[in-house]
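As provided, final-v4.txt (compact mmCIF, C-alpha atoms and all ligand atoms) reads as follows.
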# COMPACT_ATOMS: atom_id res chain seq x y z
CA MET A 923 126.67 156.27 -29.57
CA VAL A 924 128.90 159.32 -29.89
CA GLN A 925 127.01 162.51 -29.22
CA THR A 926 127.02 165.35 -31.75
CA SER A 927 124.35 167.46 -30.05
CA PRO A 928 125.05 170.75 -28.21
CA PHE A 929 126.79 170.86 -24.86
CA ARG A 930 124.58 170.02 -21.94
CA VAL A 931 124.53 172.28 -18.91
CA LEU A 932 122.84 171.47 -15.61
CA ILE A 933 121.95 174.44 -13.41
CA ALA A 934 121.42 173.63 -9.73
CA SER A 935 119.72 176.60 -8.11
CA SER A 936 116.65 177.15 -5.96
CA ASN A 937 116.51 180.77 -7.09
CA ARG A 938 113.98 180.54 -9.87
CA PHE A 939 114.66 183.98 -11.35
CA LEU A 940 118.39 183.48 -11.45
CA ALA A 941 117.97 180.00 -12.95
CA GLU A 942 115.60 181.26 -15.62
CA ASP A 943 117.91 184.14 -16.55
CA MET A 944 120.81 181.75 -16.95
CA TYR A 945 118.58 179.36 -18.87
CA GLN A 946 117.75 182.12 -21.38
CA VAL A 947 121.36 183.19 -21.78
CA LEU A 948 122.75 179.70 -22.23
CA THR A 949 120.00 178.36 -24.50
CA SER A 950 120.31 181.42 -26.75
CA GLU A 951 123.94 180.38 -27.22
CA GLY A 952 122.82 176.90 -28.28
CA TYR A 953 123.44 174.97 -25.06
CA ASP A 954 120.99 172.32 -23.87
CA VAL A 955 120.10 173.49 -20.39
CA PHE A 956 118.44 171.59 -17.54
CA LEU A 957 117.33 172.86 -14.15
CA ALA A 958 117.27 171.35 -10.68
CA ASP A 959 116.17 173.18 -7.57
CA THR A 960 117.33 170.82 -4.85
CA SER A 961 120.63 169.04 -4.35
CA GLU A 962 118.96 165.65 -4.52
CA GLU A 963 117.32 166.47 -7.83
CA ALA A 964 120.59 167.90 -9.19
CA GLU A 965 122.47 164.71 -8.42
CA ASN A 966 119.75 162.53 -9.92
CA LEU A 967 119.60 164.65 -13.08
CA ALA A 968 123.38 164.71 -13.34
CA LEU A 969 123.46 160.92 -13.23
CA ARG A 970 120.79 160.68 -15.86
CA LEU A 971 121.93 163.44 -18.21
CA ARG A 972 125.70 163.28 -17.74
CA PRO A 973 126.00 167.03 -18.49
CA ASP A 974 129.17 168.66 -19.79
CA LEU A 975 129.04 171.39 -17.17
CA ILE A 976 127.28 171.78 -13.84
CA ILE A 977 126.56 175.23 -12.44
CA ILE A 978 125.86 175.20 -8.70
CA ASP A 979 124.36 178.06 -6.76
CA VAL A 980 125.82 177.79 -3.23
CA GLN A 981 122.37 178.70 -1.86
CA ILE A 982 120.71 175.52 -3.14
CA PRO A 983 119.35 173.57 -0.18
CA PRO A 984 120.78 172.05 1.87
CA SER A 985 124.17 173.38 0.61
CA GLY A 986 125.74 174.02 -2.77
CA TYR A 987 129.20 173.31 -1.37
CA GLU A 988 128.01 169.97 -0.04
CA LEU A 989 126.43 169.15 -3.41
CA CYS A 990 129.74 169.88 -5.14
CA ARG A 991 131.61 167.65 -2.69
CA GLN A 992 129.05 164.94 -3.29
CA LEU A 993 129.51 165.12 -7.07
CA ARG A 994 133.26 164.93 -6.66
CA THR A 995 133.00 161.67 -4.74
CA ASN A 996 130.77 160.07 -7.36
CA THR A 997 133.03 158.37 -9.89
CA ALA A 998 130.40 158.68 -12.64
CA LEU A 999 130.30 162.47 -12.21
CA SER A 1000 133.61 163.56 -10.74
CA HIS A 1001 135.11 164.51 -14.14
CA ILE A 1002 132.38 167.08 -14.94
CA PRO A 1003 133.52 170.70 -14.50
CA VAL A 1004 131.65 172.66 -11.84
CA LEU A 1005 131.08 176.40 -11.88
CA MET A 1006 129.98 177.73 -8.48
CA LEU A 1007 127.82 180.80 -7.99
CA ILE A 1008 128.85 182.50 -4.76
CA ASP A 1009 127.47 185.44 -2.84
CA SER A 1010 130.60 187.30 -1.87
CA ARG A 1011 134.06 188.04 -3.17
CA ASP A 1012 135.52 187.31 0.28
CA ILE A 1013 138.60 185.15 0.34
CA SER A 1014 136.76 182.67 2.61
CA ALA A 1015 133.98 182.19 0.00
CA ARG A 1016 136.53 181.59 -2.76
CA VAL A 1017 138.53 179.16 -0.64
CA ALA A 1018 135.30 177.30 0.15
CA VAL A 1019 134.76 176.78 -3.61
CA LEU A 1020 138.18 175.21 -3.97
CA GLU A 1021 137.76 173.09 -0.86
CA ALA A 1022 134.44 171.76 -2.17
CA GLY A 1023 136.11 170.82 -5.48
CA GLY A 1024 134.65 173.58 -7.68
CA ASP A 1025 136.60 174.48 -10.84
CA ASP A 1026 135.66 178.14 -11.09
CA TYR A 1027 133.23 180.61 -9.57
CA LEU A 1028 131.10 183.63 -10.37
CA VAL A 1029 130.09 186.20 -7.79
CA LYS A 1030 126.37 187.07 -7.89
CA PRO A 1031 125.09 189.19 -9.53
CA PHE A 1032 127.08 188.71 -12.71
CA PRO A 1033 126.69 189.96 -16.29
CA SER A 1034 125.51 187.37 -18.82
CA ASP A 1035 128.64 187.61 -20.94
CA GLU A 1036 130.74 186.63 -17.95
CA LEU A 1037 128.53 183.57 -17.46
CA LEU A 1038 129.07 182.63 -21.10
CA TYR A 1039 132.79 183.26 -20.94
CA ARG A 1040 133.32 181.15 -17.79
CA SER A 1041 131.11 178.35 -19.11
CA ARG A 1042 132.89 178.25 -22.46
CA SER A 1043 136.34 178.25 -20.92
CA LEU A 1044 135.45 175.36 -18.58
CA LEU A 1045 133.97 173.40 -21.47
CA VAL A 1046 137.06 173.96 -23.61
CA ARG A 1047 139.35 173.00 -20.74
CA TYR A 1048 137.49 169.77 -20.10
CA ARG A 1049 136.66 168.87 -23.69
CA SER A 1050 139.08 165.96 -23.67
CA GLY A 1051 137.08 164.27 -20.88
CA PRO A 1052 135.11 161.06 -21.27
CA THR A 1053 132.72 160.70 -24.21
CA ARG A 1054 129.36 162.20 -23.41
CA GLN A 1055 126.44 159.93 -22.77
CA PRO A 1056 123.22 160.45 -24.70
CA ILE A 1057 120.24 161.77 -22.78
CA THR A 1058 117.93 158.93 -21.94
CA THR A 1059 114.96 159.54 -24.17
CA SER A 1060 113.83 155.96 -24.42
CA ASN A 1061 110.78 155.41 -22.23
CA GLN A 1062 112.72 154.37 -19.19
CA GLY A 1063 110.45 155.71 -16.49
CA ARG A 1064 107.77 153.24 -15.43
CA VAL A 1065 104.26 154.50 -16.00
CA MET A 1066 101.86 153.10 -13.39
CA VAL A 1067 98.19 153.92 -13.82
CA PHE A 1068 95.79 153.53 -10.87
CA PHE A 1069 92.30 152.75 -12.08
CA GLY A 1070 89.23 152.18 -9.91
CA SER A 1071 86.78 149.37 -10.57
CA LYS A 1072 84.22 151.86 -9.24
CA GLY A 1073 84.23 155.41 -7.89
CA GLY A 1074 85.06 155.77 -4.22
CA VAL A 1075 86.96 152.50 -3.72
CA GLY A 1076 90.08 154.38 -2.56
CA THR A 1077 92.05 154.71 -5.82
CA THR A 1078 93.36 158.22 -5.14
CA THR A 1079 94.27 157.43 -1.54
CA ILE A 1080 96.27 154.41 -2.66
CA ALA A 1081 97.94 156.19 -5.61
CA VAL A 1082 99.04 159.13 -3.43
CA ASN A 1083 100.45 156.96 -0.64
CA PHE A 1084 102.04 154.57 -3.12
CA ALA A 1085 103.82 157.40 -4.98
CA ILE A 1086 105.41 158.56 -1.72
CA ALA A 1087 106.26 154.98 -0.76
CA ILE A 1088 108.02 154.42 -4.10
CA HIS A 1089 110.11 157.53 -3.48
CA GLN A 1090 110.90 156.45 0.09
CA VAL A 1091 111.91 152.97 -1.03
CA THR A 1092 113.93 153.89 -4.13
CA ARG A 1093 114.98 157.53 -3.48
CA LYS A 1094 114.47 158.02 -7.23
CA PRO A 1095 112.53 160.84 -8.95
CA VAL A 1096 108.80 160.17 -8.76
CA LEU A 1097 106.02 162.17 -10.38
CA LEU A 1098 102.38 161.86 -9.36
CA LEU A 1099 100.00 162.91 -12.14
CA ASP A 1100 96.39 163.70 -11.32
CA ALA A 1101 94.63 162.50 -14.45
CA ASP A 1102 91.19 162.55 -12.85
CA LEU A 1103 90.85 165.68 -14.90
CA HIS A 1104 87.45 166.97 -13.83
CA LEU A 1105 87.22 165.98 -10.21
CA GLY A 1106 90.81 165.17 -9.25
CA ASP A 1107 91.50 165.48 -5.56
CA VAL A 1108 95.20 164.73 -5.33
CA SER A 1109 95.51 168.41 -4.45
CA VAL A 1110 93.25 167.91 -1.43
CA GLN A 1111 95.03 164.77 -0.25
CA LEU A 1112 98.41 166.53 -0.46
CA ASP A 1113 97.22 169.97 0.60
CA LEU A 1114 98.50 171.56 -2.63
CA SER A 1115 95.56 173.62 -3.68
CA ALA A 1116 97.34 176.66 -5.21
CA PRO A 1117 98.58 176.78 -8.85
CA PRO A 1118 100.43 175.68 -10.94
CA ASP A 1119 98.77 172.72 -12.62
CA ILE A 1120 98.99 170.64 -15.79
CA THR A 1121 97.15 173.12 -18.05
CA HIS A 1122 99.80 175.19 -19.77
CA LEU A 1123 102.04 172.15 -20.39
CA LEU A 1124 99.40 170.63 -22.62
CA ARG A 1125 99.19 173.63 -24.90
CA LEU A 1126 102.87 173.60 -25.79
CA ASP A 1127 104.18 172.26 -29.07
CA GLU A 1128 107.41 171.18 -27.47
CA LEU A 1129 107.98 170.14 -23.86
CA THR A 1130 111.22 171.00 -22.11
CA PRO A 1131 112.43 170.56 -18.53
CA LEU A 1132 111.96 174.31 -18.03
CA HIS A 1133 108.28 174.04 -18.92
CA LEU A 1134 107.95 171.15 -16.55
CA GLN A 1135 109.64 173.13 -13.82
CA GLU A 1136 106.93 175.77 -14.19
CA ALA A 1137 104.08 173.31 -13.90
CA ILE A 1138 105.12 170.91 -11.17
CA GLN A 1139 104.47 171.17 -7.48
CA HIS A 1140 107.10 169.98 -5.02
CA HIS A 1141 105.57 168.02 -2.18
CA MET A 1142 107.37 167.90 1.16
CA SER A 1143 107.71 164.11 0.82
CA GLY A 1144 110.12 164.65 -2.09
CA ILE A 1145 107.76 163.66 -4.90
CA HIS A 1146 106.76 166.00 -7.73
CA VAL A 1147 103.10 166.47 -8.53
CA LEU A 1148 101.20 167.60 -11.63
CA LEU A 1149 97.72 168.67 -10.60
CA ALA A 1150 94.53 168.50 -12.61
CA PRO A 1151 93.20 171.84 -13.88
CA PRO A 1152 90.78 173.52 -11.48
CA ASP A 1153 88.78 174.86 -14.43
CA PHE A 1154 86.12 172.62 -15.98
CA GLN A 1155 86.55 173.95 -19.53
CA GLU A 1156 90.32 173.54 -19.38
CA ALA A 1157 89.88 169.95 -18.24
CA ARG A 1158 87.35 169.25 -20.95
CA ALA A 1159 89.71 170.46 -23.67
CA ILE A 1160 92.48 167.97 -22.85
CA THR A 1161 92.78 165.31 -25.54
CA PRO A 1162 93.93 161.69 -25.27
CA ASP A 1163 96.91 162.50 -27.53
CA GLN A 1164 97.99 165.37 -25.31
CA LEU A 1165 97.96 163.07 -22.30
CA THR A 1166 100.00 160.43 -24.10
CA THR A 1167 102.55 163.00 -25.31
CA LEU A 1168 102.87 164.40 -21.81
CA ILE A 1169 103.37 160.97 -20.25
CA ASN A 1170 105.95 160.04 -22.87
CA PHE A 1171 107.88 163.17 -21.99
CA LEU A 1172 107.54 162.59 -18.24
CA SER A 1173 108.92 159.12 -18.63
CA THR A 1174 112.17 160.57 -19.98
CA VAL A 1175 112.55 162.68 -16.83
CA TYR A 1176 111.22 160.57 -13.94
CA ASP A 1177 111.89 156.98 -12.97
CA TYR A 1178 108.33 156.45 -11.82
CA ILE A 1179 105.20 158.17 -13.09
CA ILE A 1180 102.21 157.36 -10.90
CA VAL A 1181 98.92 158.29 -12.53
CA ASP A 1182 95.65 158.64 -10.64
CA SER A 1183 92.61 158.29 -12.90
CA ARG A 1184 88.82 158.38 -12.77
CA ALA A 1185 86.86 155.15 -12.84
CA CYS A 1186 85.42 155.33 -16.35
CA PHE A 1187 86.20 154.14 -19.86
CA ASP A 1188 86.37 157.39 -21.81
CA ASP A 1189 88.92 157.95 -24.58
CA ARG A 1190 91.36 159.71 -22.29
CA ASN A 1191 91.38 156.85 -19.83
CA LEU A 1192 91.77 154.33 -22.64
CA ALA A 1193 94.81 156.32 -23.81
CA LEU A 1194 96.21 156.20 -20.28
CA LEU A 1195 95.58 152.50 -19.95
CA SER A 1196 97.19 151.78 -23.32
CA ARG A 1197 100.27 153.82 -22.41
CA ALA A 1198 100.63 152.28 -18.93
CA ASP A 1199 103.49 149.92 -18.25
CA GLU A 1200 101.52 148.65 -15.29
CA ILE A 1201 97.92 149.08 -14.20
CA PHE A 1202 96.80 148.94 -10.58
CA LEU A 1203 93.16 148.00 -10.60
CA THR A 1204 91.59 148.88 -7.27
CA LEU A 1205 88.52 147.24 -5.82
CA THR A 1206 86.76 146.63 -2.52
CA PRO A 1207 85.12 143.37 -1.39
CA GLU A 1208 81.67 144.28 -2.68
CA VAL A 1209 79.57 142.89 -5.49
CA SER A 1210 79.71 145.81 -7.88
CA PRO A 1211 83.50 146.45 -7.80
CA ILE A 1212 84.12 142.72 -8.17
CA ARG A 1213 81.80 142.50 -11.16
CA ASN A 1214 83.44 145.56 -12.73
CA THR A 1215 86.90 144.10 -12.14
CA SER A 1216 85.86 140.99 -13.97
CA ALA A 1217 84.58 143.14 -16.86
CA PHE A 1218 87.83 145.12 -16.86
CA LEU A 1219 89.93 141.97 -17.13
CA ARG A 1220 87.88 140.82 -20.12
CA LEU A 1221 88.18 144.24 -21.77
CA ALA A 1222 91.92 144.35 -21.10
CA GLU A 1223 92.37 141.20 -23.13
CA GLN A 1224 90.24 142.59 -25.95
CA ILE A 1225 92.20 145.85 -26.23
CA GLY A 1226 95.56 144.13 -25.99
CA ILE A 1227 96.59 144.93 -22.41
CA PRO A 1228 98.59 141.96 -21.15
CA LEU A 1229 97.04 140.57 -18.00
CA ASN A 1230 100.42 140.31 -16.32
CA ALA A 1231 100.60 144.12 -16.48
CA VAL A 1232 97.48 144.38 -14.31
CA HIS A 1233 97.90 144.22 -10.52
CA LEU A 1234 94.75 143.78 -8.47
CA VAL A 1235 94.64 145.82 -5.26
CA LEU A 1236 91.90 144.89 -2.81
CA ASN A 1237 91.28 147.89 -0.58
CA ARG A 1238 89.50 147.64 2.79
CA ALA A 1239 90.01 143.91 2.40
CA ASN A 1240 88.72 143.16 5.89
CA SER A 1241 85.62 145.35 5.64
CA ASN A 1242 83.11 142.73 4.49
CA ARG A 1243 82.65 139.61 6.60
CA SER A 1244 80.79 137.74 3.91
CA ILE A 1245 83.27 138.44 1.09
CA GLY A 1246 86.86 137.79 2.16
CA LEU A 1247 90.03 137.77 0.09
CA ARG A 1248 89.64 134.13 -1.00
CA ALA A 1249 86.04 134.71 -2.07
CA VAL A 1250 87.15 137.67 -4.20
CA GLU A 1251 89.83 135.53 -5.84
CA ARG A 1252 87.31 132.74 -6.46
CA HIS A 1253 84.88 135.15 -8.08
CA LEU A 1254 87.56 136.64 -10.30
CA ASN A 1255 89.33 133.37 -10.92
CA THR A 1256 92.64 135.13 -10.45
CA ARG A 1257 95.06 136.15 -7.73
CA VAL A 1258 94.69 139.40 -5.82
CA GLU A 1259 98.27 140.60 -5.63
CA PHE A 1260 97.93 143.26 -2.93
CA TRP A 1261 95.45 143.92 -0.17
CA LEU A 1262 95.08 146.80 2.24
CA VAL A 1263 93.29 147.01 5.57
CA SER A 1264 90.32 149.19 6.25
CA SER A 1265 91.58 152.10 8.30
CA GLY A 1266 88.46 153.78 9.57
CA GLN A 1267 88.67 157.27 10.94
CA VAL A 1268 92.48 157.56 10.86
CA ILE A 1269 92.53 157.66 7.07
CA VAL A 1270 89.64 160.10 6.91
CA ARG A 1271 91.52 162.36 9.33
CA SER A 1272 94.69 162.20 7.25
CA LEU A 1273 92.65 163.14 4.20
CA THR A 1274 91.08 166.10 5.97
CA GLN A 1275 94.47 167.33 7.13
CA GLY A 1276 96.08 166.87 3.72
CA VAL A 1277 98.81 164.65 5.17
CA PRO A 1278 98.89 161.15 3.64
CA MET A 1279 98.82 158.15 6.01
CA ILE A 1280 102.28 157.07 5.02
CA ILE A 1281 103.62 160.32 6.51
CA SER A 1282 101.20 160.90 9.40
CA GLN A 1283 100.90 157.23 10.48
CA PRO A 1284 103.96 155.42 9.09
CA SER A 1285 103.55 152.41 11.37
CA HIS A 1286 99.83 151.93 10.72
CA PRO A 1287 99.22 148.57 8.95
CA PHE A 1288 97.80 150.45 5.92
CA SER A 1289 101.07 152.40 5.53
CA GLU A 1290 103.20 149.32 6.07
CA GLN A 1291 101.23 147.42 3.45
CA ILE A 1292 101.67 150.28 0.98
CA VAL A 1293 105.44 150.30 1.61
CA GLN A 1294 105.54 146.55 1.12
CA MET A 1295 103.64 147.00 -2.13
CA ALA A 1296 106.24 149.56 -3.29
CA ARG A 1297 109.06 147.20 -2.32
CA THR A 1298 107.52 144.33 -4.24
CA ILE A 1299 106.93 146.44 -7.33
CA THR A 1300 110.44 147.89 -7.37
CA ALA A 1301 112.27 144.67 -6.47
CA PRO A 1302 114.59 143.28 -9.15
CA PRO A 1303 112.77 140.58 -11.19
CA ALA A 1304 114.53 137.64 -9.58
CA SER A 1305 113.36 138.48 -6.07
CA SER A 1306 109.89 139.80 -6.91
CA GLY A 1307 106.83 137.61 -6.98
CA SER A 1308 106.33 137.28 -3.26
CA GLY A 1309 103.69 140.06 -3.32
CA ALA A 1310 102.58 142.03 -0.33
CA ARG A 1311 100.56 139.17 1.00
N1 LIG B 1401 91.76 151.55 3.38
C1 LIG B 1401 90.84 152.46 3.68
N2 LIG B 1401 90.21 152.43 4.87
C2 LIG B 1401 89.27 153.33 5.20
N3 LIG B 1401 88.88 154.34 4.41
C3 LIG B 1401 89.46 154.42 3.20
C4 LIG B 1401 90.46 153.50 2.77
N4 LIG B 1401 90.88 153.85 1.53
C5 LIG B 1401 90.16 154.94 1.19
N5 LIG B 1401 89.32 155.28 2.19
C6 LIG B 1401 88.37 156.41 2.21
O1 LIG B 1401 87.46 156.27 1.12
C7 LIG B 1401 87.09 157.54 0.61
C8 LIG B 1401 87.31 157.56 -0.89
O2 LIG B 1401 88.71 157.50 -1.15
P1 LIG B 1401 89.35 158.05 -2.49
O3 LIG B 1401 88.94 159.44 -2.76
O4 LIG B 1401 90.78 157.74 -2.43
O5 LIG B 1401 88.61 157.07 -3.53
P2 LIG B 1401 88.54 157.17 -5.10
O6 LIG B 1401 88.30 155.79 -5.57
O7 LIG B 1401 89.71 157.87 -5.64
O8 LIG B 1401 87.24 158.05 -5.27
P3 LIG B 1401 86.76 158.90 -6.56
O9 LIG B 1401 86.01 157.93 -7.43
O10 LIG B 1401 85.86 159.95 -5.97
O11 LIG B 1401 87.97 159.45 -7.22
C9 LIG B 1401 87.93 158.56 1.36
O12 LIG B 1401 87.15 159.12 2.39
C10 LIG B 1401 89.06 157.74 1.96
O13 LIG B 1401 89.54 158.30 3.15
MG MG B 1402 89.90 159.47 -6.92
For the file at hand, write its structure as C-alpha cells.
Ligand SMILES: Nc1ncnc2c1ncn2[C@@H]1O[C@H](COP(=O)(O)OP(=O)(O)OP(=O)(O)O)[C@@H](O)[C@H]1O
Ligand SMILES: [Mg+2]
Amino acid sequence: MVQTSPFRVLIASSNRFLAEDMYQVLTSEGYDVFLADTSEEAENLALRLRPDLIIIDVQIPPSGYELCRQLRTNTALSHIPVLMLIDSRDISARVAVLEAGGDDYLVKPFPSDELLYRSRSLLVRYRSGPTRQPITTSNQGRVMVFFGSKGGVGTTTIAVNFAIAIHQVTRKPVLLLDADLHLGDVSVQLDLSAPPDITHLLRLDELTPLHLQEAIQHHMSGIHVLLAPPDFQEARAITPDQLTTLINFLSTVYDYIIVDSRACFDDRNLALLSRADEIFLTLTPEVSPIRNTSAFLRLAEQIGIPLNAVHLVLNRANSNRSIGLRAVERHLNTRVEFWLVSSGQVIVRSLTQGVPMIISQPSHPFSEQIVQMARTITAPPASSGSGAR
C-alpha cells in the first residue's frame, strides 16, 4: 500500500519538555510525530513505524550518537535521515554527528522555525528514498489476560513476573496493564506507587502516542506499566468500551500487552476476556479454584472463547499433598499447561520489597518456570507445544 498520509517523524529524547515542544511544533505543521525516551524504544519504534525522519537528542540514554550508529547499521532503517540535537557548537560535537552518521544537527536551544526548516530540508532531500511503510494499526500486539479462578491464587504475582520474562526473552516492547481497577496492586509489586496512571487516557476521544507517554510508568526491568487509578470513583467510572478501546490502541504500539485482572465476571472483565488473544487462567490445587476453573471453561465455550486460547496455570502446584497435578487434570478433564512451585517466604519478601522474583531471585525455580512459560508462549508455532512441564 502506498502511503498518502503526512510525513512521520520519530523524536528520540529523554528530555520530556524538549520532546513535547518539538511535538507541538511539528504536529502543528501537519507531521505525524512519535516519541521515544530510550534508545531501545527508539529503535523498536523506528522498526515498527518506518518514519521519514528521526530526530535524536544526543543526551538520550545510553547515548544518542550510539543510537544513530546503530540505526545506520540496520539495513531496514539506514536510509532514514537523522537530525541530531547537540549541546554545543564545538567542532568536536559537530564532527561527532558526522562520525555517528547523522545528516544534520541543531544546537540546543533552537528556535522552532529552525527545527521546521531543518526537518523540511532533510525530508525534501530524502524524498526519493524507499516507499514508506504504513503504520501497523492492525491488532498485531498479543493481548494476554491473566484471570484468577479465585482471589488470592497468585494471579498478579504471575502476571507481573511473566510480563518481565516476556520482555527478557523477546526484547520487544511489553506493556503491563493493571485492570484490577479497584484493588489493583501491580503498583505495590513493582514499587511504582506515584502517578501517573490509566485515568486520563480513558477520558480522551482520541489516543495518541503522546498521551500514552504521559500515562505510562517505565519500570527498571524495561517494561512499561499502566497502573489502575488510586481513586475509587475514577475506577468505578471506567466502562467496558473504554477498556476495549484502550487495549486496541495499546496493541498497535506494543508487541505484548499483559493484563492483570480481578477474579470476577463483571462486564469489564467480560470485555477484557472477549478482547484477549490468550487467557491465562490461574488456579491453585484446592477444591474451590478447581471448581471455579471448571465453571470458567464451561462459560468460555458459551460466550465463544475458544478453549485453545485458554492456558491453565497451576500455581503453588506442590502445596497440597492430596491434590497433585494429575488429580487437578483428572478433575478438569483437561491438560494443565503450566505449573509453578510454591515459593514460601521468598516470594512474600520480594512482594514486600517491590522487586519481582524474576529480578531478585532469577535462579529460583519459580523464576525459571516463569521464563520457561514465556519461552513456550513466544516460540514460533512449529516448536511450541512442549509447554513448561
Ligand atoms: N508460587 C507462590 N508461592 C508462594 N506464595 C505465592 C505464590 N504465588 C503467589 N504467592 C503469594 O500469594 C499472595 C497473593 O498473591 P497475588 O496478590 O499475586 O494473588 P492474586 O490472585 O492477584 O490476589 P487478588 O485476588 O487479591 O488480586 C501473595 O502474598 C503472594 O506473595
Ligand atoms: Mg491480584
field: Separation of atom CA of Leu1205 of chain A from atom O8 of ligand LIG 1401 (chain B) in Å
entry: 10.9 Å
message: Residues near segment 1291-1297 of chain A, anyone? I mean within 12 Å using only C-alpha atoms, not counting same-chain ones fewer than 5 positions away, as a VMD selection string.
response: chain A and resid 1066 1079 to 1093 1178 1180 1202 1233 to 1239 1259 to 1265 1278 to 1281 1283 to 1286 1302 to 1303 1305 to 1311
Set the distance at 7 Å and use all atoms listed in the file: which residues neighbour Ile982 of chain A once local chain neighbours fewer than 4 positions away are removed? I'd like the list as a PDB file with C-alpha atoms, in the frame of the given file.
ATOM      1  CA  ALA A 934     121.420 173.630  -9.730  1.00  0.00           C
ATOM      2  CA  SER A 935     119.720 176.600  -8.110  1.00  0.00           C
ATOM      3  CA  SER A 936     116.650 177.150  -5.960  1.00  0.00           C
ATOM      4  CA  ASP A 959     116.170 173.180  -7.570  1.00  0.00           C
ATOM      5  CA  THR A 960     117.330 170.820  -4.850  1.00  0.00           C
ATOM      6  CA  SER A 961     120.630 169.040  -4.350  1.00  0.00           C
ATOM      7  CA  GLY A 986     125.740 174.020  -2.770  1.00  0.00           C
TER       8      GLY A 986
END
Which residues are near Lys1030 of chain A? Cut-off 7 Å, only C-alpha atoms, ignore same chain within fewer than 3 positions. Put them as a short mmCIF file (atom, residue, chain, number, x, y, z; two decimals) with C-alpha atoms, in the frame of the given file.
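Result file around-v1.cif:
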data_model
loop_
_atom_site.label_atom_id
_atom_site.label_comp_id
_atom_site.auth_asym_id
_atom_site.auth_seq_id
_atom_site.Cartn_x
_atom_site.Cartn_y
_atom_site.Cartn_z
CA LEU A 1007 127.82 180.80 -7.99
CA ILE A 1008 128.85 182.50 -4.76
CA ASP A 1009 127.47 185.44 -2.84
#
- request: Pick out the residues sitting within 7 Å of Gly1024 of chain A, and hand them over as a PyMOL selection string; count all atoms listed in the file, and ignore anything fewer than 3 positions along from it in its own chain.
  value: chain A and resi 990+1004-1006+1019-1020
message: So that I can check the surroundings of Glu1136 of chain A, please list as a ChimeraX atom specification every protein, DNA and RNA residue that reaches within 12 Å of it, counting all atoms listed in the file and ignoring chain neighbours fewer than 3 positions away.
response: /A:938-939,941-942,957-959,1117-1123,1129-1133,1139-1140,1146-1148
message: Using only C-alpha atoms and all ligand atoms, which residues have at least one atom no more than 10 Å from ligand MG 1402 (chain B)? Output them as a VMD selection string.
response: chain A and resid 1068 to 1070 1072 to 1082 1100 to 1102 1105 to 1108 1111 1182 to 1185
field: atom CA of Val1268 of chain A to atom C2 of ligand LIG 1401 (chain B), straight-line distance in Å
entry: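 Going from atom C2 of ligand LIG 1401 (chain B) over to atom CA of Val1268 of chain A covers 7.8 Å.
In this model, the gap between atom N5 of ligand LIG 1401 (chain B) and atom CA of His1141 of chain A comes to 21.1 Å.
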field: Residue nearest Asp974 of chain A - candidates A:Ile1227, A:Leu1098, A:Leu989, A:Leu1044, atoms counted: only C-alpha atoms
entry: A:Leu1044
- line: If you count all atoms listed in the file, the residue of A:Gln1135, A:Asp943, A:Ser1115, A:Arg1125 closest to Val1175 of chain A turns out to be A:Gln1135
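Of the listed residues (A:Ala1249, A:Leu1112, A:Phe1171, A:Val1232), A:Leu1112 comes nearest to ligand LIG 1401 (chain B); the distances count all atoms listed in the file.
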- prompt: Which of these residues is nearest to Ile933 of chain A, using all atoms listed in the file: A:Ile976, A:Leu967, A:Val947, A:Ile1269?
  reply: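 When distances to Ile933 of chain A are compared using all atoms listed in the file, the smallest one comes from A:Ile976.
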message: With 10 Å as the threshold, what does the neighbourhood of (92.0, 173.0, -16.8) contain in terms of residues, counting only C-alpha atoms? Coordinates are those of the file; answer as a list of chain:residue names.
response: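 Looking at atoms near the point gives A:Leu1103, A:His1104, A:Asp1119, A:Ile1120, A:Thr1121, A:His1122, A:Leu1124, A:Leu1149, A:Ala1150, A:Pro1151, A:Pro1152, A:Asp1153, A:Phe1154, A:Gln1155, A:Glu1156, A:Ala1157, A:Arg1158, A:Ala1159, A:Ile1160.
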Residue nearest Leu1114 of chain A - candidates A:Gln1275, A:Ser1173, A:Ser1000, A:Asn1230, atoms counted: all atoms listed in the file: A:Gln1275
field: Selected residue, from A:Ile1299, A:Cys1186, A:Leu1247, A:Leu1165, that lies nearest to ligand LIG 1401 (chain B) when counting only C-alpha atoms and all ligand atoms
entry: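 So, comparing all the options, the nearest one is A:Cys1186.
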